[in-house]
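Below: one structure, written as structure tokens.
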Amino acid sequence: MSWVKEWLDRPTTLRRAALALLVANIGIVCTGGLVRLTGSGLGCPTWPQCTDDSYVTTREMGYHGVIEFGNRTLTGVLSVFALVAIAAAWRQRARSRKALRGAVWVLAGIAAQGVLGGITVRMTLNPWTVAVHFLASIALIALVFALWDRTRGELPRWTAPRAMRTAGVFVTVVSAVVLVLGTLVTGSGPHSGDTKATRTGFDPEAVSQLHTDAVMVLVGLSVAMWFGLRALGAPLRVTRAAAILVAVELAQGVVGFVQYFTGLPWQVVILHMLGACLVWTATLNLLARVTARPGAAEEVQDRDHSLASTA
């Protein structure tokens, strides 16, 4: 088993496990959307079993059961990636104990998200629990991104002014608000996940307009940050992070308008959910770039080298 230890000791193993977790968490958001958009939300009508007599889907449940059960099994894939990340972070704890704590938190979040999904099913896809379930995935993506970013091994060489750091936090808050408003649009729209599911009762037109207004604010702030970072002479990778966020936001806006004016076809809605995750990830990336402090990073690296030498 020495090869396993050698593999876990490689920084690239931890980095790739974290990246796999990030991609898989975004993927499970999209498959969860597929469950709702195909009316398969109660394909498995109970939890943790799929039926009262079986933990897996049955032939009588048809494709709805297959889709719902398939989404459930992806939690196991996420858990495997998280366990690999924990094992690698434990082996490499002399370099950074924060990575180990982050990996443990990610595994705990995956378990909590699985339970929350079960509660959502047992509450017959109540739109409020569905919204919380989605937002919990967004929070989990933030945890995973922090873990992945910590394993990238990039030491910042530039400190953003306090005003720009504050702006980065503000953009992140607005991005989160956009996501919350997006769940209200979803909870008020036609794709409930099952005919038994209720709706929020809000006017879809009104909440859609509110969501659009928040998106406009987010795009404006992101563009302003890009101009501000360029004016300050920020490093390329920092200004590039702002440019990527603006580009993803604009693409997401196009998809949003297409889905609205074409009657919300499920294929476009899935693309919009993917875009929401990408906007959030790009937001987190920009936040990480403008809040990084070179002195703190170098201090951590020096301490890690010291721990490694005494181990």
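Ligands are numbered from 1 in the order shown, chains are lettered A, B, ... in the order of the structure tokens, and residues start at 1 in each chain.
Taking only C-alpha atoms, the non-local environment of stretch 43-57 of chain A within 6 Å (same-chain residues fewer than 2 positions away omitted) comprises Ser40, Gly41, His64, Gly65, Glu68, Gly118 and Arg122 of chain A.
Residues in contact range of stretch 136-143 of chain A, defined as at most 9 Å between only C-alpha atoms, with sequence neighbours fewer than 5 positions away removed, read A:Leu21, A:Leu22, A:Asn25, A:Ile26, A:Ile28, A:Val29, A:Gly102, A:Ala103, A:Trp105, A:Val106, A:Gly109, A:Ile110, A:Ala112, A:Gln113, A:Leu116, A:Ala131, A:Trp148, A:Ala176, A:Leu179, A:Cys277, A:Trp280, A:Thr281, A:Leu284.
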Original post:
Any idea what's packed within 12 Å of A:Phe202, counting only C-alpha atoms, ignoring anything in its chain fewer than 4 positions away? Could you give it as a ChimeraX atom specification?
Top reply: /A:127,181,183-189,198,206-208,210
Residue selection dump (N, CA, C and O atoms) as a PDB file, in the first residue's frame:
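Final output, saved to out_10.pdb:
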ATOM      1  N   PRO A 127     -41.947  24.481  -1.688  1.00  0.00           N
ATOM      2  CA  PRO A 127     -41.020  25.371  -2.400  1.00  0.00           C
ATOM      3  C   PRO A 127     -39.990  26.032  -1.491  1.00  0.00           C
ATOM      4  O   PRO A 127     -38.892  26.366  -1.946  1.00  0.00           O
ATOM      5  N   LEU A 181     -33.124  35.405  -4.716  1.00  0.00           N
ATOM      6  CA  LEU A 181     -34.274  35.844  -5.503  1.00  0.00           C
ATOM      7  C   LEU A 181     -34.581  34.853  -6.629  1.00  0.00           C
ATOM      8  O   LEU A 181     -35.742  34.658  -6.991  1.00  0.00           O
ATOM      9  N   THR A 183     -34.376  31.668  -6.381  1.00  0.00           N
ATOM     10  CA  THR A 183     -35.174  30.573  -5.797  1.00  0.00           C
ATOM     11  C   THR A 183     -36.641  30.987  -5.650  1.00  0.00           C
ATOM     12  O   THR A 183     -37.531  30.142  -5.757  1.00  0.00           O
ATOM     13  N   LEU A 184     -36.882  32.286  -5.417  1.00  0.00           N
ATOM     14  CA  LEU A 184     -38.269  32.758  -5.336  1.00  0.00           C
ATOM     15  C   LEU A 184     -38.940  32.685  -6.706  1.00  0.00           C
ATOM     16  O   LEU A 184     -40.127  32.329  -6.814  1.00  0.00           O
ATOM     17  N   VAL A 185     -38.175  33.012  -7.747  1.00  0.00           N
ATOM     18  CA  VAL A 185     -38.713  32.892  -9.101  1.00  0.00           C
ATOM     19  C   VAL A 185     -39.064  31.436  -9.392  1.00  0.00           C
ATOM     20  O   VAL A 185     -40.143  31.120  -9.910  1.00  0.00           O
ATOM     21  N   THR A 186     -38.150  30.548  -9.033  1.00  0.00           N
ATOM     22  CA  THR A 186     -38.375  29.120  -9.260  1.00  0.00           C
ATOM     23  C   THR A 186     -39.577  28.620  -8.469  1.00  0.00           C
ATOM     24  O   THR A 186     -40.412  27.872  -8.994  1.00  0.00           O
ATOM     25  N   GLY A 187     -39.669  29.035  -7.205  1.00  0.00           N
ATOM     26  CA  GLY A 187     -40.768  28.577  -6.356  1.00  0.00           C
ATOM     27  C   GLY A 187     -42.115  29.132  -6.751  1.00  0.00           C
ATOM     28  O   GLY A 187     -43.156  28.645  -6.286  1.00  0.00           O
ATOM     29  N   SER A 188     -42.114  30.158  -7.611  1.00  0.00           N
ATOM     30  CA  SER A 188     -43.371  30.757  -8.066  1.00  0.00           C
ATOM     31  C   SER A 188     -43.741  30.319  -9.475  1.00  0.00           C
ATOM     32  O   SER A 188     -44.855  30.594  -9.938  1.00  0.00           O
ATOM     33  N   GLY A 189     -42.811  29.647 -10.147  1.00  0.00           N
ATOM     34  CA  GLY A 189     -43.012  29.277 -11.544  1.00  0.00           C
ATOM     35  C   GLY A 189     -43.663  27.920 -11.719  1.00  0.00           C
ATOM     36  O   GLY A 189     -44.092  27.276 -10.751  1.00  0.00           O
ATOM     37  N   THR A 198     -46.729  22.371  -3.980  1.00  0.00           N
ATOM     38  CA  THR A 198     -47.360  23.683  -3.946  1.00  0.00           C
ATOM     39  C   THR A 198     -46.404  24.751  -4.476  1.00  0.00           C
ATOM     40  O   THR A 198     -45.237  24.468  -4.755  1.00  0.00           O
ATOM     41  N   ALA A 206     -43.676  39.603 -10.953  1.00  0.00           N
ATOM     42  CA  ALA A 206     -43.090  40.548 -10.005  1.00  0.00           C
ATOM     43  C   ALA A 206     -41.742  40.058  -9.489  1.00  0.00           C
ATOM     44  O   ALA A 206     -40.763  40.820  -9.445  1.00  0.00           O
ATOM     45  N   VAL A 207     -41.665  38.777  -9.097  1.00  0.00           N
ATOM     46  CA  VAL A 207     -40.401  38.277  -8.553  1.00  0.00           C
ATOM     47  C   VAL A 207     -39.352  38.150  -9.652  1.00  0.00           C
ATOM     48  O   VAL A 207     -38.148  38.326  -9.395  1.00  0.00           O
ATOM     49  N   SER A 208     -39.796  37.872 -10.882  1.00  0.00           N
ATOM     50  CA  SER A 208     -38.846  37.815 -11.999  1.00  0.00           C
ATOM     51  C   SER A 208     -38.239  39.185 -12.256  1.00  0.00           C
ATOM     52  O   SER A 208     -37.036  39.318 -12.520  1.00  0.00           O
ATOM     53  N   LEU A 210     -37.938  41.600 -10.026  1.00  0.00           N
ATOM     54  CA  LEU A 210     -37.046  41.894  -8.900  1.00  0.00           C
ATOM     55  C   LEU A 210     -35.707  41.183  -9.071  1.00  0.00           C
ATOM     56  O   LEU A 210     -34.636  41.757  -8.823  1.00  0.00           O
TER      57      LEU A 210
END
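With atom CA of A:Gln267 on one side and atom CA of A:Leu34 on the other, the separation reads 8.7 Å.
We find atom CA of A:Arg157 and atom CA of A:Pro294 to be spaced 5.5 Å apart.
Of the listed residues (A:Thr283, A:Thr262, A:Thr31, A:Thr291), A:Thr291 comes nearest to A:Arg165; the distances count only C-alpha atoms.
One distance worth recording is that between atom CA of A:Ile67 and atom CA of A:Gly32, which is 9.1 Å.
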**OP:** Using only C-alpha atoms, determine which residues lie at most 7 Å from A:Ala242, disregarding the query and same-chain residues fewer than 5 positions distant; provide the list as a list in words.
**Re:** Ser222, Met225, Trp226 and Leu286 of chain A
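Considering the residues A:Met273, A:Val290, A:Leu147, A:Ala17 and counting only C-alpha atoms, A:Pro235 has its shortest atom-to-atom contact with A:Val290.
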